[in-house]
file final_38.txt (compact mmCIF, C-alpha atoms and all ligand atoms)
# COMPACT_ATOMS: atom_id res chain seq x y z
CA MET A 1 21.49 6.04 -15.06
CA GLY A 2 20.44 6.20 -11.41
CA TYR A 3 18.92 9.34 -9.98
CA PRO A 4 21.55 11.59 -8.41
CA GLY A 5 21.05 15.24 -9.04
CA ARG A 6 17.29 15.01 -9.50
CA MET A 7 14.73 15.95 -6.88
CA GLN A 8 17.11 16.90 -4.12
CA GLY A 9 15.23 18.04 -1.08
CA GLY A 10 11.79 16.65 -1.86
CA PHE A 11 9.88 14.17 0.28
CA TYR A 12 10.94 11.06 -1.60
CA HIS A 13 14.57 12.11 -1.76
CA SER A 14 14.69 12.72 1.97
CA ARG A 15 12.98 9.44 2.89
CA LEU A 16 15.28 7.50 0.58
CA GLN A 17 18.25 8.59 2.69
CA HIS A 18 17.10 5.95 5.20
CA PRO A 19 17.10 2.16 4.92
CA GLY A 20 13.73 0.45 4.77
CA ALA A 21 10.82 -0.49 2.53
CA VAL A 22 7.51 1.04 1.46
CA LEU A 23 3.97 -0.13 2.19
CA ALA A 24 2.13 -0.65 -1.12
CA PRO A 25 -1.23 0.88 -1.93
CA MET A 26 -3.78 -1.91 -1.62
CA ALA A 27 -7.48 -1.27 -2.03
CA GLY A 28 -9.25 -2.90 0.89
CA TYR A 29 -6.05 -3.16 2.96
CA SER A 30 -3.73 -0.12 3.14
CA ASP A 31 -6.17 1.93 5.20
CA ALA A 32 -5.22 4.10 8.18
CA PRO A 33 -4.93 1.22 10.70
CA MET A 34 -2.66 -0.86 8.45
CA ARG A 35 -0.60 2.22 7.60
CA GLN A 36 -0.22 3.07 11.28
CA LEU A 37 1.14 -0.38 12.13
CA ALA A 38 3.51 -0.32 9.15
CA SER A 39 4.83 3.15 9.89
CA GLU A 40 5.35 2.34 13.57
CA GLN A 41 7.58 -0.50 12.40
CA GLY A 42 9.65 1.81 10.22
CA ALA A 43 8.07 1.79 6.76
CA LEU A 44 9.78 4.54 4.74
CA TRP A 45 6.40 5.73 3.59
CA THR A 46 2.96 4.26 3.10
CA VAL A 47 0.49 4.69 0.23
CA SER A 48 -3.26 5.04 0.66
CA GLU A 49 -5.83 2.96 -1.15
CA MET A 50 -6.55 4.51 -4.55
CA ILE A 51 -9.04 7.36 -4.54
CA SER A 52 -11.16 8.45 -7.50
CA ALA A 53 -10.18 11.94 -8.66
CA ARG A 54 -13.62 12.31 -10.19
CA GLY A 55 -15.28 11.33 -6.91
CA LEU A 56 -13.30 14.00 -5.09
CA VAL A 57 -14.07 16.71 -7.61
CA LEU A 58 -17.53 15.90 -8.93
CA GLY A 59 -18.88 13.42 -6.40
CA GLY A 60 -20.04 14.00 -2.89
CA ASP A 61 -16.70 13.21 -1.27
CA THR A 62 -15.57 15.46 1.58
CA GLU A 63 -12.55 15.80 3.82
CA ASN A 64 -14.12 13.07 5.93
CA LEU A 65 -13.63 10.47 3.20
CA THR A 66 -12.10 7.58 5.11
CA LEU A 67 -9.91 6.60 2.15
CA GLY A 68 -8.12 9.93 2.41
CA ARG A 69 -8.30 10.81 6.08
CA PRO A 70 -5.00 10.36 7.98
CA PHE A 71 -4.82 8.79 11.41
CA ASP A 72 -3.95 11.23 14.20
CA GLY A 73 -0.38 12.40 13.75
CA GLU A 74 0.17 10.45 10.51
CA THR A 75 3.30 11.38 8.55
CA ASN A 76 5.06 9.95 5.50
CA ARG A 77 1.74 9.04 3.89
CA VAL A 78 1.33 9.24 0.12
CA VAL A 79 -2.21 9.56 -1.25
CA GLN A 80 -2.90 7.75 -4.51
CA LEU A 81 -5.36 9.07 -7.11
CA PHE A 82 -6.80 7.45 -10.20
CA GLY A 83 -8.36 9.25 -13.10
CA ALA A 84 -7.86 10.14 -16.75
CA ASP A 85 -8.75 13.82 -17.12
CA PRO A 86 -6.02 16.43 -16.56
CA ASP A 87 -8.32 19.17 -15.25
CA ILE A 88 -9.98 16.80 -12.81
CA LEU A 89 -6.63 15.41 -11.68
CA ALA A 90 -5.31 18.93 -11.10
CA GLN A 91 -8.36 19.88 -9.06
CA ALA A 92 -8.27 16.58 -7.15
CA THR A 93 -4.59 17.13 -6.39
CA ARG A 94 -5.40 20.51 -4.83
CA GLN A 95 -8.24 18.98 -2.85
CA VAL A 96 -6.12 16.08 -1.60
CA GLN A 97 -3.46 18.52 -0.51
CA ASP A 98 -5.91 20.72 1.39
CA TRP A 99 -8.08 18.00 2.88
CA PHE A 100 -5.77 15.09 3.56
CA HIS A 101 -2.34 16.70 4.06
CA PRO A 102 -0.30 13.98 2.33
CA ALA A 103 3.48 13.96 2.05
CA ALA A 104 3.23 13.32 -1.72
CA ILE A 105 0.62 12.37 -4.31
CA ASP A 106 0.76 9.29 -6.54
CA LEU A 107 -0.98 8.55 -9.85
CA ASN A 108 -2.33 5.02 -10.29
CA MET A 109 -1.32 3.66 -13.70
CA GLY A 110 -1.50 0.00 -12.88
CA CYS A 111 -4.90 -1.00 -11.60
CA PRO A 112 -6.27 -3.66 -13.96
CA VAL A 113 -9.81 -3.89 -12.60
CA PRO A 114 -12.58 -2.98 -15.05
CA LYS A 115 -14.09 -0.42 -12.67
CA VAL A 116 -10.88 1.62 -12.92
CA ARG A 117 -9.88 0.78 -16.51
CA GLY A 118 -11.31 3.35 -18.86
CA LYS A 119 -11.09 5.90 -16.07
CA GLY A 120 -7.34 5.68 -15.72
CA GLY A 121 -5.44 2.92 -13.92
CA ALA A 122 -3.63 0.47 -16.21
CA CYS A 123 -5.48 1.90 -19.23
CA LEU A 124 -2.98 4.72 -19.14
CA LEU A 125 -0.31 2.24 -20.19
CA GLN A 126 -2.04 2.04 -23.57
CA THR A 127 -2.17 5.82 -23.95
CA PRO A 128 0.90 6.98 -22.00
CA GLU A 129 0.74 10.47 -23.57
CA THR A 130 -2.42 10.98 -21.49
CA ALA A 131 -0.52 9.95 -18.38
CA PHE A 132 2.27 12.42 -19.14
CA GLU A 133 -0.34 15.14 -19.42
CA LEU A 134 -1.89 14.07 -16.11
CA ILE A 135 1.48 14.29 -14.39
CA ARG A 136 2.08 17.78 -15.79
CA ALA A 137 -1.37 18.83 -14.57
CA MET A 138 -0.78 17.39 -11.10
CA LYS A 139 2.67 18.97 -10.86
CA SER A 140 1.25 22.36 -11.77
CA ALA A 141 -1.36 21.99 -8.99
CA THR A 142 0.96 21.23 -6.07
CA PRO A 143 4.46 21.92 -4.75
CA LEU A 144 4.46 18.38 -3.28
CA ASP A 145 6.27 15.50 -4.95
CA VAL A 146 4.15 13.73 -7.56
CA SER A 147 4.85 10.09 -8.40
CA ALA A 148 3.36 7.41 -10.63
CA LYS A 149 2.88 3.70 -10.09
CA ILE A 150 2.94 1.64 -13.26
CA ARG A 151 2.86 -1.96 -14.37
CA LEU A 152 5.22 -3.14 -17.13
CA GLY A 153 2.59 -2.46 -19.77
CA TRP A 154 -0.91 -3.40 -20.82
CA ASP A 155 -0.10 -6.78 -22.39
CA HIS A 156 3.60 -6.41 -23.23
CA ASP A 157 6.53 -4.67 -21.60
CA ARG A 158 6.83 -1.02 -22.61
CA SER A 159 7.88 0.16 -19.17
CA VAL A 160 11.15 1.87 -20.19
CA GLU A 161 9.40 4.04 -22.77
CA VAL A 162 6.57 4.90 -20.34
CA ALA A 163 8.96 5.64 -17.48
CA GLN A 164 11.13 7.90 -19.65
CA GLY A 165 8.05 9.86 -20.67
CA LEU A 166 6.94 10.17 -17.06
CA ALA A 167 10.39 11.40 -16.05
CA ALA A 168 10.34 13.97 -18.85
CA ALA A 169 6.91 15.11 -17.63
CA GLY A 170 8.47 15.89 -14.24
CA VAL A 171 7.48 12.96 -12.07
CA ASN A 172 9.52 12.73 -8.84
CA LEU A 173 9.51 8.94 -8.43
CA ILE A 174 8.21 5.91 -10.30
CA THR A 175 7.08 2.65 -8.75
CA VAL A 176 7.09 -0.34 -11.09
CA HIS A 177 5.05 -3.46 -10.41
CA GLY A 178 6.84 -6.07 -12.50
CA ARG A 179 3.81 -7.54 -14.25
CA THR A 180 1.68 -6.48 -17.20
CA SER A 181 -1.94 -5.58 -16.62
CA ALA A 182 -3.00 -8.69 -18.53
CA GLN A 183 -1.05 -10.81 -16.05
CA ARG A 184 -2.96 -9.35 -13.13
CA TYR A 185 -1.31 -11.21 -10.21
CA THR A 186 -0.32 -14.43 -11.99
CA GLY A 187 3.22 -15.61 -12.61
CA GLU A 188 6.22 -13.97 -11.04
CA ALA A 189 7.08 -10.28 -11.08
CA ASP A 190 9.83 -9.59 -13.65
CA TRP A 191 12.60 -7.86 -11.73
CA ASP A 192 14.91 -7.80 -14.76
CA ALA A 193 12.35 -5.52 -16.41
CA ILE A 194 12.21 -3.36 -13.26
CA ALA A 195 16.03 -3.13 -13.32
CA ARG A 196 15.93 -1.93 -16.93
CA VAL A 197 13.59 0.90 -15.92
CA ALA A 198 15.81 1.83 -12.96
CA ALA A 199 18.79 2.06 -15.31
CA ALA A 200 16.93 4.10 -17.91
CA VAL A 201 15.60 7.07 -15.92
CA ASP A 202 17.11 9.71 -13.67
CA VAL A 203 14.35 9.59 -11.05
CA PRO A 204 14.22 7.04 -8.22
CA VAL A 205 12.50 3.79 -9.11
CA VAL A 206 10.80 1.64 -6.48
CA GLY A 207 10.31 -2.03 -7.34
CA SER A 208 7.13 -3.91 -6.50
CA GLY A 209 6.16 -7.54 -6.76
CA ASP A 210 6.47 -10.66 -4.63
CA VAL A 211 8.68 -9.26 -1.85
CA THR A 212 7.60 -11.30 1.16
CA SER A 213 10.82 -11.70 3.13
CA VAL A 214 14.03 -9.97 4.14
CA ALA A 215 15.97 -12.22 1.77
CA ALA A 216 13.67 -11.39 -1.15
CA ALA A 217 13.98 -7.66 -0.42
CA ARG A 218 17.79 -7.87 -0.32
CA ALA A 219 17.89 -9.88 -3.53
CA ARG A 220 15.70 -7.30 -5.28
CA LYS A 221 17.68 -4.28 -4.17
CA VAL A 222 20.66 -5.30 -6.27
CA THR A 223 18.53 -4.51 -9.32
CA GLY A 224 19.34 -0.82 -8.93
CA VAL A 225 16.01 0.21 -7.44
CA ALA A 226 15.95 2.94 -4.79
CA THR A 227 13.97 0.63 -2.52
CA VAL A 228 11.28 -2.04 -2.59
CA MET A 229 7.55 -1.84 -1.98
CA ILE A 230 5.72 -4.55 -0.07
CA GLY A 231 2.03 -5.31 -0.45
CA ARG A 232 0.63 -8.75 0.21
CA GLY A 233 3.64 -9.79 2.25
CA ALA A 234 2.93 -7.01 4.75
CA VAL A 235 -0.60 -8.17 5.54
CA GLY A 236 -0.34 -9.48 9.10
CA ASN A 237 3.42 -8.86 9.09
CA PRO A 238 4.36 -5.23 9.81
CA TRP A 239 7.59 -6.56 11.35
CA LEU A 240 9.02 -6.98 7.86
CA PHE A 241 9.38 -3.19 7.78
CA ARG A 242 11.27 -3.23 11.09
CA ALA A 243 13.73 -5.83 9.83
CA LEU A 244 14.39 -3.86 6.63
CA ALA A 245 14.70 -0.53 8.44
CA THR A 246 17.18 -1.88 10.98
CA GLY A 247 19.13 -4.22 8.72
CA ALA A 248 18.14 -7.29 10.76
CA ASP A 249 18.91 -10.43 8.85
CA THR A 250 16.00 -12.55 9.92
CA ASP A 251 12.43 -13.29 8.94
CA ASP A 252 11.66 -14.65 12.37
CA LEU A 253 8.29 -13.42 13.50
CA PRO A 254 7.83 -12.15 17.04
CA PRO A 255 6.43 -14.71 19.48
CA ALA A 256 2.73 -15.54 19.04
CA PRO A 257 1.57 -13.51 22.08
CA GLU A 258 3.09 -10.35 20.59
CA ARG A 259 1.51 -11.06 17.22
CA ALA A 260 -1.83 -11.65 18.94
CA ARG A 261 -1.49 -8.31 20.75
CA THR A 262 -0.80 -6.59 17.43
CA ALA A 263 -3.80 -8.30 15.81
CA LEU A 264 -5.95 -7.05 18.68
CA ARG A 265 -4.46 -3.58 18.35
CA HIS A 266 -5.24 -3.63 14.61
CA ALA A 267 -8.86 -4.36 15.55
CA GLU A 268 -8.87 -1.54 18.11
CA LEU A 269 -7.38 0.93 15.60
CA GLN A 270 -9.99 -0.18 13.08
CA GLU A 271 -12.82 0.43 15.50
CA ARG A 272 -11.46 3.82 16.49
CA PHE A 273 -10.72 5.03 12.96
CA TYR A 274 -14.03 3.97 11.47
CA ASP A 275 -16.15 4.83 14.49
CA ASP A 276 -18.80 7.00 12.94
CA ASP A 277 -21.61 6.47 15.42
CA THR A 278 -23.70 4.69 12.83
CA GLY A 279 -23.36 1.36 14.57
CA ARG A 280 -21.85 -0.23 11.46
CA LEU A 281 -20.05 -3.49 12.05
CA THR A 282 -16.59 -2.30 11.21
CA LEU A 283 -14.49 -5.39 11.80
CA ARG A 284 -15.75 -7.34 8.79
CA PRO A 285 -12.93 -6.06 6.53
CA LEU A 286 -10.41 -7.37 9.07
CA ARG A 287 -11.65 -10.94 8.87
CA LYS A 288 -9.31 -11.60 5.95
CA VAL A 289 -6.40 -9.95 7.75
CA LEU A 290 -6.43 -11.24 11.33
CA PRO A 291 -5.53 -14.88 10.58
CA LYS A 292 -2.44 -13.65 8.71
CA TYR A 293 -0.93 -12.54 12.00
CA LEU A 294 -1.01 -16.12 13.26
CA PRO A 295 -0.17 -18.48 10.39
CA ASP A 296 1.17 -20.95 12.94
CA HIS A 297 -2.20 -21.10 14.71
CA PRO A 298 -4.55 -22.43 12.03
CA GLU A 299 -6.93 -23.61 14.76
CA LEU A 300 -7.87 -19.94 15.33
CA ARG A 301 -8.79 -19.24 11.74
CA ASP A 302 -12.44 -20.29 11.82
CA ALA A 303 -13.11 -18.08 14.81
CA LEU A 304 -11.10 -15.12 13.51
CA VAL A 305 -13.02 -14.99 10.23
CA GLN A 306 -16.27 -14.62 12.16
CA VAL A 307 -15.41 -11.71 14.45
CA THR A 308 -17.56 -8.60 14.44
CA THR A 309 -16.41 -6.72 17.54
CA VAL A 310 -13.13 -5.98 19.28
CA GLN A 311 -14.41 -8.03 22.19
CA ASP A 312 -14.80 -11.02 19.82
CA VAL A 313 -11.16 -10.64 18.81
CA ARG A 314 -10.10 -10.38 22.44
CA GLU A 315 -11.99 -13.54 23.31
CA VAL A 316 -10.65 -15.58 20.39
CA LEU A 317 -7.09 -14.51 21.14
CA ALA A 318 -7.42 -14.72 24.93
CA PRO A 319 -5.21 -17.79 25.42
CA LEU A 320 -2.41 -16.21 23.37
CA LEU A 321 -2.88 -12.77 24.91
CA ALA A 322 -2.41 -14.36 28.31
CA GLY A 323 0.90 -15.56 26.97
CA THR A 324 0.24 -19.22 27.67
CA GLY A 325 0.14 -20.25 24.03
CA ASP A 326 -1.83 -23.24 25.29
CA LEU A 327 -4.87 -23.25 23.09
CA ALA A 328 -8.05 -25.21 23.40
CA ALA A 329 -10.26 -25.26 20.29
CA PRO A 330 -11.75 -21.75 20.21
CA THR A 331 -15.47 -21.12 20.26
CA PRO A 332 -16.60 -19.04 17.28
CA PRO A 333 -17.85 -15.63 18.41
CA GLY A 334 -21.55 -15.56 19.12
CA ALA A 335 -21.74 -19.33 19.63
CA GLN A 336 -23.28 -20.25 22.96
CA ALA A 337 -21.45 -22.80 25.03
CA ALA A 338 -23.56 -25.94 25.46
CA VAL A 339 -24.86 -26.34 28.98
C1 LIG A 401 -5.78 -6.46 -2.80
C2 LIG A 401 -4.87 -5.57 -3.59
C3 LIG A 401 -5.21 -4.25 -3.81
C4 LIG A 401 -4.36 -3.42 -4.55
N1 LIG A 401 -4.71 -2.11 -4.73
C5 LIG A 401 -3.86 -1.27 -5.39
C6 LIG A 401 -4.15 0.12 -5.49
O1 LIG A 401 -5.17 0.62 -4.98
N2 LIG A 401 -3.26 0.89 -6.18
C7 LIG A 401 -2.11 0.38 -6.74
O2 LIG A 401 -1.34 1.12 -7.35
N3 LIG A 401 -1.80 -0.93 -6.62
C8 LIG A 401 -2.64 -1.75 -5.95
N4 LIG A 401 -2.29 -3.06 -5.79
C9 LIG A 401 -0.99 -3.54 -6.29
C10 LIG A 401 0.07 -3.50 -5.17
O3 LIG A 401 0.34 -2.16 -4.79
C11 LIG A 401 1.39 -4.19 -5.58
O4 LIG A 401 1.99 -3.48 -6.65
C12 LIG A 401 1.17 -5.64 -6.01
O5 LIG A 401 0.32 -6.31 -5.09
C13 LIG A 401 2.50 -6.42 -6.08
O6 LIG A 401 3.18 -6.36 -4.87
P1 LIG A 401 3.14 -7.56 -3.74
O7 LIG A 401 3.54 -8.82 -4.43
O8 LIG A 401 4.11 -7.09 -2.71
O9 LIG A 401 1.72 -7.63 -3.24
C14 LIG A 401 -3.14 -3.92 -5.08
C15 LIG A 401 -2.81 -5.25 -4.84
C16 LIG A 401 -3.63 -6.08 -4.10
C17 LIG A 401 -3.20 -7.50 -3.86

call {"tool": "encode", "arguments": {"input": "final_38.txt", "output": "structure tokens"}}
result
Amino acid sequence: MGYPGRMQGGFYHSRLQHPGAVLAPMAGYSDAPMRQLASEQGALWTVSEMISARGLVLGGDTENLTLGRPFDGETNRVVQLFGADPDILAQATRQVQDWFHPAAIDLNMGCPVPKVRGKGGACLLQTPETAFELIRAMKSATPLDVSAKIRLGWDHDRSVEVAQGLAAAGVNLITVHGRTSAQRYTGEADWDAIARVAAAVDVPVVGSGDVTSVAAARARKVTGVATVMIGRGAVGNPWLFRALATGADTDDLPPAPERARTALRHAELQERFYDDDTGRLTLRPLRKVLPKYLPDHPELRDALVQVTTVQDVREVLAPLLAGTGDLAAPTPPGAQAAV
């Protein structure tokens, strides 16, 4: 069916006039620093980590919540909410709009983790009528585009039926991760199922699952989706967005010194964004990310997963940052050289 004629003029419609791909919401990853690097490389839009609607409305969350706060000058950022109560979602939508100034707001209907199940997430795939009500409540609370991100179903594929209901409820865009909730992240994403959804609704459909290269993105786009979303494949590789935005036909990574500089910059952005004067060690969450920038330098891994400060990162990457690429075995941060 495609989506012409629907949603002209909204955020998603206008971004989809450009080539490129979307950075997926990923709890523990798609924070402000990762979003900044992806958007600098041309991501069409980025999606925040999921945020509890209940926490925003009934908890102690404020506009300083780091999950929601944009980086300075951030644009094209979608904030994702999870929840199951229409009144709370409506109120959270208003709060997100006022506090975090997103370009659009997304409803999480795919998260399979028990903490979220029962409070929304993939549970909504078992009771889609609730999700349709949530979308109507969110739409009535904001003039911004409202989207939903679904999996194929709870334990079997009912994505066409769910997507048609969401479209009827007024959703502006649907992202489909081509797995059921029961599958979690096992097996391969089913892009035939995603294509069936894209053909069945008159809103844009974004496909998600296992896009890790330019070739994979191109292959997926023939399924009739408006564009593709990239999650795990973008960790340590923001250049994938550049290639897809410019039409480059290569998965070649930049030279190692440039990747090392970007890894260091990621650490610097992390320190700056999370700097809250509490003296917290803020680079721990990056330990799983930094080695992904340098898959061809496995000798750096042990040191990179032990960093705690930007200076540690600078020291570990020093040989690459100097552009020599000539690496001696690195000393883990904090280790004293034997004298
Ligand atoms: C660590 C991790 C965290 C995720 N967190 C979220 C989330 O907060 N909200 C959401 O809708 N999807 C979340 N996802 C799902 C991704 O957005 C994406 O749909 C999925 O990983 C498949 O895409 P990929 O193969 O490109 O990673 C998460 C995935 C991973 C791996």

call {"tool": "atom_distance", "arguments": {"input": "final_38.txt", "atom1": "CA of Val146 in chain A", "atom2": "CA of His266 in chain A"}}
result
29.7 Å

call {"tool": "residues_around", "arguments": {"input": "final_38.txt", "residues": "Ala260 in chain A", "least_positions_apart": "3", "cutoff": "8 Å", "atoms": "only C-alpha atoms", "output": "mmCIF file with C-alpha atoms, keeping the file's coordinate frame"}}
result
data_model
loop_
_atom_site.group_PDB
_atom_site.id
_atom_site.type_symbol
_atom_site.label_atom_id
_atom_site.label_comp_id
_atom_site.auth_asym_id
_atom_site.auth_seq_id
_atom_site.Cartn_x
_atom_site.Cartn_y
_atom_site.Cartn_z
ATOM 1 C CA ALA A 256 2.730 -15.540 19.040
ATOM 2 C CA PRO A 257 1.570 -13.510 22.080
ATOM 3 C CA ALA A 263 -3.800 -8.300 15.810
ATOM 4 C CA LEU A 264 -5.950 -7.050 18.680
ATOM 5 C CA TYR A 293 -0.930 -12.540 12.000
ATOM 6 C CA LEU A 294 -1.010 -16.120 13.260
ATOM 7 C CA LEU A 317 -7.090 -14.510 21.140
ATOM 8 C CA LEU A 320 -2.410 -16.210 23.370
ATOM 9 C CA LEU A 321 -2.880 -12.770 24.910
#

call {"tool": "atom_distance", "arguments": {"input": "final_38.txt", "atom1": "CA of Trp239 in chain A", "atom2": "CA of Leu44 in chain A"}}
result
13.1 Å

call {"tool": "residues_near_ligand", "arguments": {"input": "final_38.txt", "ligand": "ligand LIG 401 (chain A)", "cutoff": "6 Å", "atoms": "only C-alpha atoms and all ligand atoms", "output": "number ranges by chain"}}
result
A: 24-27, 49-50, 108, 110-111, 149, 177, 208-211, 230-233

call {"tool": "atom_distance", "arguments": {"input": "final_38.txt", "atom1": "CA of Ala43 in chain A", "atom2": "CA of Arg242 in chain A"}}
result
7.4 Å

call {"tool": "residues_around", "arguments": {"input": "final_38.txt", "residues": "range 83-85 of chain A", "least_positions_apart": "4", "cutoff": "10 Å", "atoms": "all atoms listed in the file", "output": "list of chain:residue names"}}
result
A:Met50, A:Ile51, A:Ser52, A:Ala53, A:Arg54, A:Gly55, A:Leu89, A:Ala90, A:Ala92, A:Leu107, A:Asn108, A:Met109, A:Val116, A:Arg117, A:Gly118, A:Lys119, A:Gly120, A:Gly121, A:Cys123, A:Leu124, A:Thr130, A:Ala131, A:Glu133, A:Leu134, A:Ala137

call {"tool": "write_last_selection", "arguments": {"input": "final_38.txt", "atoms": "C-alpha atoms", "output": "mmCIF file, keeping the file's coordinate frame"}}
result
data_model
loop_
_atom_site.group_PDB
_atom_site.id
_atom_site.type_symbol
_atom_site.label_atom_id
_atom_site.label_comp_id
_atom_site.auth_asym_id
_atom_site.auth_seq_id
_atom_site.Cartn_x
_atom_site.Cartn_y
_atom_site.Cartn_z
ATOM 1 C CA MET A 50 -6.550 4.510 -4.550
ATOM 2 C CA ILE A 51 -9.040 7.360 -4.540
ATOM 3 C CA SER A 52 -11.160 8.450 -7.500
ATOM 4 C CA ALA A 53 -10.180 11.940 -8.660
ATOM 5 C CA ARG A 54 -13.620 12.310 -10.190
ATOM 6 C CA GLY A 55 -15.280 11.330 -6.910
ATOM 7 C CA LEU A 89 -6.630 15.410 -11.680
ATOM 8 C CA ALA A 90 -5.310 18.930 -11.100
ATOM 9 C CA ALA A 92 -8.270 16.580 -7.150
ATOM 10 C CA LEU A 107 -0.980 8.550 -9.850
ATOM 11 C CA ASN A 108 -2.330 5.020 -10.290
ATOM 12 C CA MET A 109 -1.320 3.660 -13.700
ATOM 13 C CA VAL A 116 -10.880 1.620 -12.920
ATOM 14 C CA ARG A 117 -9.880 0.780 -16.510
ATOM 15 C CA GLY A 118 -11.310 3.350 -18.860
ATOM 16 C CA LYS A 119 -11.090 5.900 -16.070
ATOM 17 C CA GLY A 120 -7.340 5.680 -15.720
ATOM 18 C CA GLY A 121 -5.440 2.920 -13.920
ATOM 19 C CA CYS A 123 -5.480 1.900 -19.230
ATOM 20 C CA LEU A 124 -2.980 4.720 -19.140
ATOM 21 C CA THR A 130 -2.420 10.980 -21.490
ATOM 22 C CA ALA A 131 -0.520 9.950 -18.380
ATOM 23 C CA GLU A 133 -0.340 15.140 -19.420
ATOM 24 C CA LEU A 134 -1.890 14.070 -16.110
ATOM 25 C CA ALA A 137 -1.370 18.830 -14.570
#

call {"tool": "residues_near_point", "arguments": {"input": "final_38.txt", "point": "(5.5, 1.6, -23.4)", "cutoff": "12 Å", "atoms": "all atoms listed in the file", "output": "PDB file with C-alpha atoms, in the frame of the given file"}}
result
ATOM      1  CA  ALA A 122      -3.630   0.470 -16.210  1.00  0.00           C
ATOM      2  CA  CYS A 123      -5.480   1.900 -19.230  1.00  0.00           C
ATOM      3  CA  LEU A 124      -2.980   4.720 -19.140  1.00  0.00           C
ATOM      4  CA  LEU A 125      -0.310   2.240 -20.190  1.00  0.00           C
ATOM      5  CA  GLN A 126      -2.040   2.040 -23.570  1.00  0.00           C
ATOM      6  CA  THR A 127      -2.170   5.820 -23.950  1.00  0.00           C
ATOM      7  CA  PRO A 128       0.900   6.980 -22.000  1.00  0.00           C
ATOM      8  CA  GLU A 129       0.740  10.470 -23.570  1.00  0.00           C
ATOM      9  CA  ALA A 131      -0.520   9.950 -18.380  1.00  0.00           C
ATOM     10  CA  ILE A 150       2.940   1.640 -13.260  1.00  0.00           C
ATOM     11  CA  ARG A 151       2.860  -1.960 -14.370  1.00  0.00           C
ATOM     12  CA  LEU A 152       5.220  -3.140 -17.130  1.00  0.00           C
ATOM     13  CA  GLY A 153       2.590  -2.460 -19.770  1.00  0.00           C
ATOM     14  CA  TRP A 154      -0.910  -3.400 -20.820  1.00  0.00           C
ATOM     15  CA  ASP A 155      -0.100  -6.780 -22.390  1.00  0.00           C
ATOM     16  CA  HIS A 156       3.600  -6.410 -23.230  1.00  0.00           C
ATOM     17  CA  ASP A 157       6.530  -4.670 -21.600  1.00  0.00           C
ATOM     18  CA  ARG A 158       6.830  -1.020 -22.610  1.00  0.00           C
ATOM     19  CA  SER A 159       7.880   0.160 -19.170  1.00  0.00           C
ATOM     20  CA  VAL A 160      11.150   1.870 -20.190  1.00  0.00           C
ATOM     21  CA  GLU A 161       9.400   4.040 -22.770  1.00  0.00           C
ATOM     22  CA  VAL A 162       6.570   4.900 -20.340  1.00  0.00           C
ATOM     23  CA  ALA A 163       8.960   5.640 -17.480  1.00  0.00           C
ATOM     24  CA  GLN A 164      11.130   7.900 -19.650  1.00  0.00           C
ATOM     25  CA  GLY A 165       8.050   9.860 -20.670  1.00  0.00           C
ATOM     26  CA  LEU A 166       6.940  10.170 -17.060  1.00  0.00           C
ATOM     27  CA  THR A 180       1.680  -6.480 -17.200  1.00  0.00           C
ATOM     28  CA  VAL A 197      13.590   0.900 -15.920  1.00  0.00           C
TER      29      VAL A 197
END

call {"tool": "residues_near_point", "arguments": {"input": "final_38.txt", "point": "(12.4, 3.9, -1.8)", "cutoff": "6 Å", "atoms": "all atoms listed in the file", "output": "list in words"}}
result
Leu16, Val206, Ala226 and Thr227 of chain A

call {"tool": "write_last_selection", "arguments": {"input": "final_38.txt", "atoms": "C-alpha atoms", "output": "PDB file, in the frame of the given file"}}
result
ATOM      1  CA  LEU A  16      15.280   7.500   0.580  1.00  0.00           C
ATOM      2  CA  VAL A 206      10.800   1.640  -6.480  1.00  0.00           C
ATOM      3  CA  ALA A 226      15.950   2.940  -4.790  1.00  0.00           C
ATOM      4  CA  THR A 227      13.970   0.630  -2.520  1.00  0.00           C
TER       5      THR A 227
END

call {"tool": "closest_residue", "arguments": {"input": "final_38.txt", "among": "A:Tyr29, A:Trp45, A:Trp191, A:Phe100", "to": "Tyr12 in chain A", "atoms": "all atoms listed in the file"}}
result
A:Trp45

call {"tool": "closest_residue", "arguments": {"input": "final_38.txt", "among": "A:Gly323, A:Gly207, A:Pro255, A:Pro112", "to": "Leu23 in chain A", "atoms": "all atoms listed in the file"}}
result
A:Gly207

call {"tool": "closest_residue", "arguments": {"input": "final_38.txt", "among": "A:Leu240, A:Ala267, A:Val57, A:Ala189", "to": "Pro254 in chain A", "atoms": "all atoms listed in the file"}}
result
A:Leu240

call {"tool": "residues_around", "arguments": {"input": "final_38.txt", "residues": "range 220-225 of chain A", "least_positions_apart": "2", "cutoff": "6 Å", "atoms": "all atoms listed in the file", "output": "list in words"}}
result
Ala195, Ala198, Val205, Val206, Ala217, Arg218 and Thr227 of chain A

call {"tool": "residues_around", "arguments": {"input": "final_38.txt", "residues": "Asp31 in chain A", "least_positions_apart": "3", "cutoff": "7 Å", "atoms": "all atoms listed in the file", "output": "PyMOL selection string"}}
result
chain A and resi 34-35+48-49+67

call {"tool": "write_last_selection", "arguments": {"input": "final_38.txt", "atoms": "C-alpha atoms", "output": "PDB file, keeping the file's coordinate frame"}}
result
ATOM      1  CA  MET A  34      -2.660  -0.860   8.450  1.00  0.00           C
ATOM      2  CA  ARG A  35      -0.600   2.220   7.600  1.00  0.00           C
ATOM      3  CA  SER A  48      -3.260   5.040   0.660  1.00  0.00           C
ATOM      4  CA  GLU A  49      -5.830   2.960  -1.150  1.00  0.00           C
ATOM      5  CA  LEU A  67      -9.910   6.600   2.150  1.00  0.00           C
TER       6      LEU A  67
END

call {"tool": "closest_residue", "arguments": {"input": "final_38.txt", "among": "A:Thr308, A:Thr175, A:Asn76, A:Ser213", "to": "Thr282 in chain A", "atoms": "only C-alpha atoms"}}
result
A:Thr308
